[in-house]
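K.L.:
This is run-v7.cif (mmCIF, C-alpha atoms and all ligand atoms).
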data_coords
loop_
_atom_site.label_atom_id
_atom_site.label_comp_id
_atom_site.auth_asym_id
_atom_site.auth_seq_id
_atom_site.Cartn_x
_atom_site.Cartn_y
_atom_site.Cartn_z
CA ASP C 1 -32.18 -17.73 2.79
CA SER C 2 -30.15 -15.71 0.28
CA VAL C 3 -29.78 -17.03 -3.24
CA PHE C 4 -26.13 -16.10 -2.80
CA SER C 5 -25.51 -18.04 0.41
CA HIS C 6 -23.15 -20.37 -1.45
CA VAL C 7 -20.81 -17.44 -2.28
CA VAL C 8 -17.50 -17.94 -0.54
CA ARG C 9 -15.52 -15.00 0.76
CA ALA C 10 -12.74 -14.03 -1.65
CA PRO C 11 -9.28 -13.39 -0.23
CA GLU C 12 -8.55 -9.72 0.32
CA ASP C 13 -6.22 -7.98 -2.09
CA PRO C 14 -3.02 -7.65 -0.08
CA ILE C 15 -1.91 -4.41 -1.73
CA LEU C 16 -4.82 -2.06 -2.29
CA GLY C 17 -5.40 0.36 0.54
CA GLU C 18 -1.70 0.91 1.27
CA GLY C 19 -0.28 4.35 2.02
CA LYS C 20 -1.48 7.89 1.43
CA PRO C 21 0.32 9.46 -1.49
CA LEU C 22 0.58 13.25 -1.65
CA VAL C 23 -1.18 15.33 -4.27
CA LEU C 24 1.37 17.11 -6.46
CA ASN C 25 1.26 20.93 -6.38
CA VAL C 26 1.07 21.08 -10.15
CA VAL C 27 -1.97 18.78 -10.05
CA ARG C 28 -3.69 21.04 -7.51
CA LYS C 29 -2.97 24.00 -9.77
CA ALA C 30 -4.37 22.25 -12.85
CA GLU C 31 -7.51 21.27 -10.93
CA GLN C 32 -8.00 24.88 -9.81
CA MET C 33 -7.78 26.04 -13.42
CA LEU C 34 -10.32 23.44 -14.47
CA VAL C 35 -12.74 24.41 -11.69
CA ASN C 36 -12.47 28.10 -12.62
CA ASP C 37 -13.17 27.44 -16.29
CA ARG C 38 -16.94 27.97 -16.52
CA SER C 39 -17.04 26.79 -20.12
CA ARG C 40 -16.29 23.23 -19.02
CA VAL C 41 -19.16 20.78 -19.08
CA LYS C 42 -19.71 17.20 -17.93
CA GLU C 43 -20.45 15.88 -21.39
CA TYR C 44 -19.38 12.36 -22.35
CA LEU C 45 -15.96 12.06 -23.91
CA PRO C 46 -15.72 10.23 -27.25
CA ILE C 47 -15.15 6.45 -26.96
CA VAL C 48 -11.39 6.97 -27.44
CA GLY C 49 -11.25 9.68 -24.77
CA LEU C 50 -9.87 13.21 -24.74
CA ALA C 51 -8.08 13.99 -28.02
CA ASP C 52 -5.49 16.35 -26.48
CA PHE C 53 -4.71 13.87 -23.76
CA ASN C 54 -4.12 11.10 -26.29
CA LYS C 55 -1.87 13.19 -28.49
CA LEU C 56 0.19 14.47 -25.55
CA SER C 57 0.45 11.00 -23.97
CA ALA C 58 1.90 9.57 -27.19
CA LYS C 59 4.38 12.45 -27.33
CA LEU C 60 5.38 11.86 -23.73
CA ILE C 61 6.14 8.18 -24.15
CA PHE C 62 7.51 8.07 -27.72
CA GLY C 63 9.29 11.45 -27.66
CA ALA C 64 8.41 14.79 -29.23
CA ASP C 65 10.34 13.99 -32.42
CA SER C 66 9.08 10.43 -32.87
CA PRO C 67 8.86 9.52 -36.58
CA ALA C 68 6.04 7.06 -35.80
CA ILE C 69 3.89 9.95 -34.51
CA ARG C 70 4.87 12.20 -37.40
CA GLU C 71 3.89 9.49 -39.86
CA ASN C 72 0.51 8.99 -38.10
CA ARG C 73 1.36 5.35 -37.46
CA VAL C 74 0.36 5.54 -33.78
CA THR C 75 -3.15 5.25 -32.43
CA THR C 76 -3.67 6.24 -28.79
CA VAL C 77 -6.87 5.67 -26.83
CA GLN C 78 -7.58 6.81 -23.30
CA CYS C 79 -8.34 3.94 -20.92
CA LEU C 80 -8.88 3.29 -17.21
CA SER C 81 -5.31 3.78 -15.99
CA GLY C 82 -2.62 1.17 -16.65
CA THR C 83 -4.86 -1.77 -15.77
CA GLY C 84 -7.60 -0.78 -18.22
CA SER C 85 -5.07 -0.07 -20.96
CA LEU C 86 -3.59 -3.55 -20.57
CA ARG C 87 -7.06 -5.07 -20.64
CA VAL C 88 -8.22 -3.21 -23.76
CA GLY C 89 -4.96 -4.08 -25.52
CA GLY C 90 -5.29 -7.72 -24.43
CA GLU C 91 -8.84 -8.01 -25.74
CA PHE C 92 -7.94 -6.40 -29.05
CA LEU C 93 -5.12 -8.91 -29.48
CA ALA C 94 -7.33 -11.86 -28.55
CA ARG C 95 -9.80 -10.79 -31.26
CA HIS C 96 -7.48 -9.70 -34.06
CA TYR C 97 -4.00 -11.17 -33.63
CA HIS C 98 -3.04 -14.57 -35.01
CA GLN C 99 -0.92 -15.63 -32.01
CA ARG C 100 -2.92 -15.67 -28.76
CA THR C 101 -0.08 -16.51 -26.39
CA ILE C 102 1.44 -13.81 -24.20
CA TYR C 103 4.70 -14.34 -22.30
CA ILE C 104 4.98 -12.45 -19.00
CA PRO C 105 8.07 -12.24 -16.79
CA GLN C 106 8.52 -14.54 -13.81
CA PRO C 107 7.77 -12.92 -11.38
CA THR C 108 5.57 -9.99 -12.41
CA TRP C 109 2.84 -7.71 -11.08
CA GLY C 110 0.18 -10.06 -9.70
CA ASN C 111 -2.60 -8.61 -11.85
CA HIS C 112 -0.89 -9.37 -15.19
CA PRO C 113 -1.83 -13.06 -15.49
CA LYS C 114 -5.44 -12.37 -14.54
CA ILE C 115 -5.84 -9.40 -16.89
CA PHE C 116 -4.51 -11.28 -19.90
CA THR C 117 -6.30 -14.55 -19.15
CA LEU C 118 -9.62 -12.70 -18.87
CA SER C 119 -8.75 -10.86 -22.10
CA GLY C 120 -8.83 -14.22 -23.83
CA LEU C 121 -5.08 -14.76 -24.19
CA SER C 122 -3.12 -17.77 -23.06
CA VAL C 123 -0.47 -16.77 -20.52
CA LYS C 124 3.02 -18.27 -20.33
CA THR C 125 6.08 -17.05 -18.44
CA TYR C 126 9.69 -16.31 -19.27
CA ARG C 127 12.52 -16.40 -16.75
CA TYR C 128 13.42 -12.94 -15.45
CA TYR C 129 14.76 -12.81 -11.91
CA ASP C 130 17.71 -14.72 -10.50
CA PRO C 131 17.38 -15.15 -6.71
CA ALA C 132 21.07 -16.07 -6.45
CA THR C 133 22.30 -12.72 -7.75
CA ARG C 134 19.13 -10.78 -6.93
CA GLY C 135 19.51 -9.49 -10.46
CA LEU C 136 18.36 -10.24 -13.99
CA ASN C 137 18.45 -13.81 -15.28
CA PHE C 138 19.43 -12.54 -18.71
CA ARG C 139 20.45 -15.91 -20.08
CA GLY C 140 17.19 -17.52 -18.96
CA LEU C 141 15.21 -14.64 -20.45
CA MET C 142 16.95 -14.94 -23.82
CA GLU C 143 16.55 -18.74 -23.85
CA ASP C 144 12.85 -18.57 -23.07
CA LEU C 145 12.08 -15.84 -25.60
CA GLY C 146 14.30 -17.70 -28.07
CA SER C 147 12.14 -20.81 -27.76
CA ALA C 148 8.79 -18.97 -27.79
CA PRO C 149 6.69 -19.61 -30.90
CA SER C 150 7.13 -17.08 -33.68
CA GLY C 151 4.73 -14.16 -33.35
CA ALA C 152 4.03 -14.64 -29.63
CA ILE C 153 3.22 -11.52 -27.59
CA VAL C 154 5.79 -10.56 -24.93
CA LEU C 155 4.93 -8.33 -21.98
CA LEU C 156 7.86 -6.08 -21.02
CA HIS C 157 8.02 -3.67 -18.07
CA ALA C 158 9.30 -0.45 -19.65
CA CYS C 159 11.24 0.46 -16.49
CA ALA C 160 11.27 -0.19 -12.73
CA HIS C 161 10.14 -3.82 -13.00
CA ASN C 162 7.51 -4.65 -10.38
CA PRO C 163 8.11 -6.46 -8.01
CA THR C 164 11.87 -7.00 -8.50
CA GLY C 165 13.21 -3.49 -9.22
CA VAL C 166 15.54 -5.20 -11.72
CA ASP C 167 15.75 -3.79 -15.27
CA PRO C 168 17.83 -4.87 -18.27
CA THR C 169 20.73 -2.57 -19.19
CA LEU C 170 20.48 -0.68 -22.50
CA GLN C 171 22.84 -3.23 -24.10
CA GLN C 172 20.61 -6.04 -22.88
CA TRP C 173 17.51 -4.23 -24.16
CA GLU C 174 19.19 -4.04 -27.55
CA GLN C 175 19.82 -7.80 -27.53
CA ILE C 176 16.23 -8.44 -26.47
CA ARG C 177 15.03 -6.18 -29.28
CA GLN C 178 17.11 -7.99 -31.90
CA LEU C 179 15.97 -11.40 -30.73
CA MET C 180 12.31 -10.36 -30.61
CA ARG C 181 12.36 -8.72 -34.03
CA SER C 182 14.17 -11.71 -35.56
CA LYS C 183 11.38 -14.00 -34.29
CA ALA C 184 8.56 -11.53 -34.98
CA LEU C 185 7.64 -11.53 -31.27
CA LEU C 186 5.20 -8.69 -30.56
CA PRO C 187 6.26 -6.33 -27.73
CA PHE C 188 3.58 -5.18 -25.29
CA PHE C 189 5.14 -2.60 -22.96
CA ASP C 190 3.68 -1.86 -19.55
CA SER C 191 4.79 1.66 -18.56
CA ALA C 192 3.52 2.29 -15.03
CA TYR C 193 6.54 4.23 -13.73
CA GLN C 194 7.79 6.62 -16.42
CA GLY C 195 9.94 9.26 -14.69
CA PHE C 196 9.45 7.65 -11.32
CA ALA C 197 12.43 5.32 -11.76
CA SER C 198 15.34 7.53 -12.79
CA GLY C 199 13.66 10.88 -12.21
CA ASN C 200 13.84 11.54 -15.95
CA LEU C 201 10.91 10.94 -18.30
CA ASP C 202 13.03 10.37 -21.41
CA ILE C 203 15.48 7.98 -19.77
CA ASP C 204 12.64 5.85 -18.42
CA ALA C 205 11.12 5.61 -21.92
CA GLN C 206 14.36 4.51 -23.64
CA SER C 207 13.46 0.83 -23.81
CA ILE C 208 10.21 1.60 -25.64
CA ARG C 209 11.82 4.14 -27.95
CA MET C 210 14.44 1.57 -29.05
CA PHE C 211 11.67 -0.73 -30.23
CA VAL C 212 9.80 2.08 -31.99
CA ALA C 213 12.97 3.38 -33.68
CA ASP C 214 13.37 0.18 -35.71
CA GLY C 215 10.07 0.83 -37.48
CA GLY C 216 8.40 -2.28 -36.04
CA GLU C 217 5.05 -2.57 -34.29
CA CYS C 218 4.34 -2.56 -30.57
CA PHE C 219 1.74 -1.97 -27.85
CA VAL C 220 2.21 0.39 -24.91
CA ALA C 221 0.03 0.73 -21.80
CA GLN C 222 0.68 3.99 -19.93
CA SER C 223 -0.40 4.88 -16.41
CA TYR C 224 -0.38 8.29 -14.70
CA ALA C 225 -1.13 6.76 -11.29
CA LYS C 226 2.43 6.95 -9.97
CA ASN C 227 4.17 9.67 -11.96
CA MET C 228 1.37 12.24 -11.48
CA GLY C 229 0.03 10.73 -8.28
CA LEU C 230 -3.37 10.33 -9.96
CA TYR C 231 -4.04 6.84 -8.56
CA GLY C 232 -7.78 7.17 -8.01
CA GLU C 233 -8.49 9.19 -11.16
CA ARG C 234 -7.83 6.08 -13.27
CA VAL C 235 -6.10 7.86 -16.11
CA GLY C 236 -4.00 6.03 -18.66
CA ALA C 237 -3.60 5.33 -22.34
CA LEU C 238 -3.10 2.47 -24.75
CA SER C 239 -0.97 3.19 -27.81
CA VAL C 240 -0.52 0.87 -30.75
CA VAL C 241 2.39 1.63 -33.07
CA CYS C 242 1.66 0.24 -36.53
CA ARG C 243 3.55 -0.07 -39.81
CA THR C 244 1.31 2.37 -41.67
CA ALA C 245 -1.19 5.13 -40.96
CA ASP C 246 -3.88 3.13 -42.69
CA VAL C 247 -3.41 0.12 -40.39
CA ALA C 248 -3.32 2.43 -37.36
CA SER C 249 -6.67 3.96 -38.23
CA ARG C 250 -8.28 0.55 -38.75
CA VAL C 251 -6.83 -0.68 -35.44
CA GLU C 252 -8.31 2.37 -33.71
CA SER C 253 -11.75 1.64 -35.17
CA GLN C 254 -11.57 -1.85 -33.63
CA LEU C 255 -10.26 -0.57 -30.27
CA LYS C 256 -13.51 1.41 -30.05
CA LEU C 257 -15.47 -1.82 -30.42
CA VAL C 258 -13.55 -3.24 -27.45
CA THR C 259 -14.11 -0.18 -25.26
CA ARG C 260 -17.75 0.55 -26.04
CA PRO C 261 -19.32 -2.53 -24.40
CA MET C 262 -16.70 -2.52 -21.59
CA PHE C 263 -17.07 1.04 -20.19
CA SER C 264 -18.49 3.09 -23.10
CA ASN C 265 -16.04 5.96 -22.72
CA PRO C 266 -13.39 7.00 -20.19
CA PRO C 267 -13.77 9.63 -17.43
CA ILE C 268 -12.98 13.27 -18.18
CA HIS C 269 -11.48 14.73 -15.02
CA GLY C 270 -8.12 12.96 -14.73
CA ALA C 271 -7.43 13.21 -18.45
CA SER C 272 -8.15 16.96 -18.31
CA ILE C 273 -5.65 17.36 -15.47
CA VAL C 274 -2.97 15.53 -17.44
CA ALA C 275 -3.68 17.45 -20.65
CA THR C 276 -3.61 20.79 -18.79
CA ILE C 277 -0.17 19.99 -17.39
CA LEU C 278 1.34 18.46 -20.52
CA LYS C 279 0.33 21.26 -22.86
CA ASP C 280 1.63 24.16 -20.77
CA ARG C 281 5.41 24.53 -20.80
CA ASN C 282 5.62 26.00 -17.29
CA MET C 283 3.35 23.42 -15.72
CA TYR C 284 5.16 20.65 -17.54
CA ASN C 285 8.47 21.87 -16.12
CA GLU C 286 6.99 22.13 -12.66
CA TRP C 287 5.77 18.55 -12.96
CA THR C 288 9.20 17.24 -13.99
CA ILE C 289 10.74 18.94 -10.94
CA GLU C 290 8.19 17.41 -8.56
CA LEU C 291 8.58 14.04 -10.26
CA LYS C 292 12.35 14.14 -9.91
CA ALA C 293 11.98 15.01 -6.23
CA MET C 294 9.79 11.91 -5.69
CA ALA C 295 12.27 9.68 -7.54
CA ASP C 296 15.27 11.18 -5.72
CA ARG C 297 13.59 10.67 -2.37
CA ILE C 298 13.16 6.97 -3.12
CA ILE C 299 16.78 6.68 -4.25
CA SER C 300 17.95 8.32 -1.03
CA MET C 301 15.76 5.97 1.06
CA ARG C 302 17.56 3.06 -0.63
CA LYS C 303 20.91 4.54 0.33
CA GLU C 304 19.79 5.16 3.93
CA LEU C 305 18.49 1.63 4.34
CA PHE C 306 21.65 0.16 2.83
CA ASP C 307 23.85 2.28 5.14
CA ALA C 308 21.75 1.38 8.18
CA LEU C 309 22.20 -2.35 7.51
CA ARG C 310 25.93 -1.90 7.00
CA ALA C 311 26.16 0.07 10.26
CA ARG C 312 24.46 -2.84 12.05
CA GLY C 313 26.81 -5.37 10.47
CA THR C 314 23.79 -7.28 9.14
CA PRO C 315 25.09 -10.48 7.51
CA GLY C 316 24.72 -10.79 3.74
CA ASP C 317 25.22 -8.66 0.65
CA TRP C 318 22.59 -5.91 0.58
CA SER C 319 23.93 -4.02 -2.42
CA HIS C 320 20.82 -5.00 -4.41
CA ILE C 321 18.94 -2.42 -2.32
CA ILE C 322 20.84 0.38 -4.03
CA LYS C 323 21.09 -1.36 -7.42
CA GLN C 324 17.39 -1.99 -7.87
CA ILE C 325 15.24 0.60 -9.61
CA GLY C 326 11.91 2.21 -8.81
CA MET C 327 9.39 2.12 -6.05
CA PHE C 328 10.10 -1.35 -4.71
CA THR C 329 12.95 -3.26 -3.15
CA PHE C 330 12.88 -7.00 -3.63
CA THR C 331 14.72 -7.78 -0.42
CA GLY C 332 15.33 -11.49 -0.87
CA LEU C 333 13.78 -12.09 2.57
CA ASN C 334 11.78 -15.30 2.69
CA LYS C 335 8.18 -15.86 3.82
CA GLU C 336 9.18 -16.80 7.38
CA GLN C 337 11.40 -13.73 7.73
CA VAL C 338 8.62 -11.50 6.39
CA ALA C 339 6.13 -13.04 8.84
CA PHE C 340 8.63 -12.54 11.69
CA MET C 341 9.03 -8.84 10.83
CA THR C 342 5.27 -8.35 10.71
CA ARG C 343 4.75 -10.18 14.01
CA GLU C 344 7.63 -8.69 15.98
CA TYR C 345 8.12 -5.27 14.35
CA HIS C 346 4.74 -4.49 12.75
CA ILE C 347 6.36 -4.04 9.38
CA TYR C 348 4.14 -4.87 6.44
CA MET C 349 5.32 -5.99 3.01
CA THR C 350 4.19 -8.55 0.45
CA SER C 351 5.04 -12.14 1.37
CA ASP C 352 7.56 -12.32 -1.50
CA GLY C 353 9.69 -9.82 0.46
CA ARG C 354 8.86 -6.72 -1.57
CA ILE C 355 9.12 -3.43 0.35
CA SER C 356 7.53 -0.23 -0.93
CA MET C 357 10.30 2.38 -0.66
CA ALA C 358 7.72 5.14 -1.18
CA GLY C 359 6.31 4.31 2.25
CA LEU C 360 9.67 4.81 4.00
CA SER C 361 11.09 7.95 5.61
CA SER C 362 14.37 8.78 7.38
CA LYS C 363 12.42 8.38 10.62
CA THR C 364 11.33 4.80 9.89
CA VAL C 365 14.51 3.47 8.23
CA PRO C 366 16.23 2.58 11.54
CA HIS C 367 13.22 0.54 12.69
CA LEU C 368 13.14 -1.32 9.37
CA ALA C 369 16.88 -1.97 9.53
CA ASP C 370 16.51 -3.32 13.10
CA ALA C 371 13.77 -5.65 11.90
CA ILE C 372 15.73 -6.96 8.91
CA HIS C 373 18.77 -7.41 11.10
CA ALA C 374 16.76 -9.42 13.64
CA ALA C 375 15.08 -11.46 10.92
CA VAL C 376 18.34 -12.64 9.36
CA THR C 377 20.45 -13.18 12.47
N1 LIG Y 401 1.58 -2.28 -14.23
C1 LIG Y 401 2.37 -2.40 -13.18
C2 LIG Y 401 3.67 -3.12 -13.34
C3 LIG Y 401 2.00 -1.88 -11.95
O1 LIG Y 401 2.84 -2.00 -10.91
C4 LIG Y 401 0.77 -1.21 -11.83
C5 LIG Y 401 0.33 -0.69 -10.54
O2 LIG Y 401 0.78 -1.05 -9.49
C6 LIG Y 401 -0.03 -1.11 -12.98
C7 LIG Y 401 0.40 -1.66 -14.16
C8 LIG Y 401 -1.37 -0.46 -13.10
O3 LIG Y 401 -1.74 0.46 -12.19
P1 LIG Y 401 -2.96 1.44 -12.50
O4 LIG Y 401 -4.05 0.62 -13.10
O5 LIG Y 401 -3.30 1.99 -11.17
O6 LIG Y 401 -2.45 2.47 -13.46
#
What is this structure when it is put down as structure tokens?
P.N.:
Amino acid sequence: DSVFSHVVRAPEDPILGEGKPLVLNVVRKAEQMLVNDRSRVKEYLPIVGLADFNKLSAKLIFGADSPAIRENRVTTVQCLSGTGSLRVGGEFLARHYHQRTIYIPQPTWGNHPKIFTLSGLSVKTYRYYDPATRGLNFRGLMEDLGSAPSGAIVLLHACAHNPTGVDPTLQQWEQIRQLMRSKALLPFFDSAYQGFASGNLDIDAQSIRMFVADGGECFVAQSYAKNMGLYGERVGALSVVCRTADVASRVESQLKLVTRPMFSNPPIHGASIVATILKDRNMYNEWTIELKAMADRIISMRKELFDALRARGTPGDWSHIIKQIGMFTFTGLNKEQVAFMTREYHIYMTSDGRISMAGLSSKTVPHLADAIHAAVT
């Protein structure tokens, strides 16, 4: 008998294994250049990863003219995509920050509570989504952050909130910023969709840049999974913006102590692809064009789905489909309706009614619209 016979089967992750994203042309080109470069070796990277990649990643998220970068107040370390960056940041905070409570939005990406709990933080939620309007519960958000203990960490989705597709407006971001700074709440941004939401890298980084512009401190976890289609390469970065260069360099020395026993050092291939693209003006431009095409395609799928429901006279207000931002539509369909669509129409989405717009095409929109129509009538 196995010594593990008591192990119970864990539930399958409902999301992983979905879809087959395309490889960007500019990524293929960068890989070709890397393969042809005979001087490249398979040596370990330093604990903090590829230096060029880190520098260019900070520039991409904070902006080329960021004073925080110029003043050397930012430390950036390469981590295992967005997930690993959140985890390394979480563990650093659990070890070195006085307030070990992190507030995450309700709802949020399902991995957030697990990542931060295992990091050693205590996880609480703040109100975010209003099912009645299928929009932001701004008042609830401000009330909950307003009553959070001073110094608490707050996780913010930089853009294209997952799963709701609902983002604050710039005016609302400004109010959030003022409230958080007045209470010394520490912002921890999760940036998994930069450029993928609006099609523009700078616009999608505006929320973060507002918080950096006031001179205050913040954490940012960056992922290249979506915006470069590098899902399986696990390439991302954690940046910590500090008050002074001296603090930043001490923080970096401690980030190394988090990474070393966790995975020693990050993988070289994905980071080399990203660095190759970001440092060459032509390749960078080519990337932004491909990125915009991906974002535009999703926006046009939203429009097609909305029009298809209107054409069918489907009861209800479906304008949230075109108002929401990013890869996902939070349909507002309930569990029973989702189960009905899976059973009768073989349409698969998460049980909270979240549809991946990236998986839709003009060919499949009519079938989806038929299914939604049948589910609600
Ligand atoms: N954060 C959010 C909100 C996400 O939706 C995702 C991926 O779905 C991630 C982080 C991390 O993804 P990865 O670890 O693949 O970069």
K.L.:
I want to know what sits within 9 Å of Pro46 in chain C, based on only C-alpha atoms, with residues of the same chain fewer than 2 positions away left out; could you give that as an MDAnalysis selection string?
P.N.:
chainID C and resid 44 48:51 264:266
K.L.:
Closest to Arg100 in chain C among C:Leu185, C:Thr83, C:Thr133, C:Leu291, using all atoms listed in the file?
P.N.:
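Selected residue with least distance to Arg100 in chain C: C:Leu185.
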K.L.:
Neighbouring residues of ligand LIG 401 (chain Y) are defined here as those with any atom at most 10 Å from a ligand atom, counting all atoms listed in the file; list them as number ranges by chain.
P.N.:
C: 15-16, 79-87, 108-112, 156-163, 189-193, 221-227, 229-237, 327-328
K.L.:
Using CA of Leu179 in chain C and CA of Thr329 in chain C as the two end points, give the distance in Å to one decimal.
P.N.:
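That distance, rounded to one decimal, is 28.9 Å.
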K.L.:
Tell me, in Å to one decimal, how far CA of Gly120 in chain C is from CA of Leu141 in chain C.
P.N.:
24.3 Å
K.L.:
Kindly provide the residues of range 226-319 of chain C that approach range 371-374 of chain C to within 8 Å, each paired with its closest atom pair and their distance in Å to one decimal, based on only C-alpha atoms, listed by chain and increasing number, as a tab-separated table.
P.N.:
residue	atom	partner	partner_atom	distance
C:Leu309	CA	C:His373	CA	7.1
C:Arg312	CA	C:His373	CA	7.4
C:Thr314	CA	C:His373	CA	5.4
C:Pro315	CA	C:His373	CA	7.9
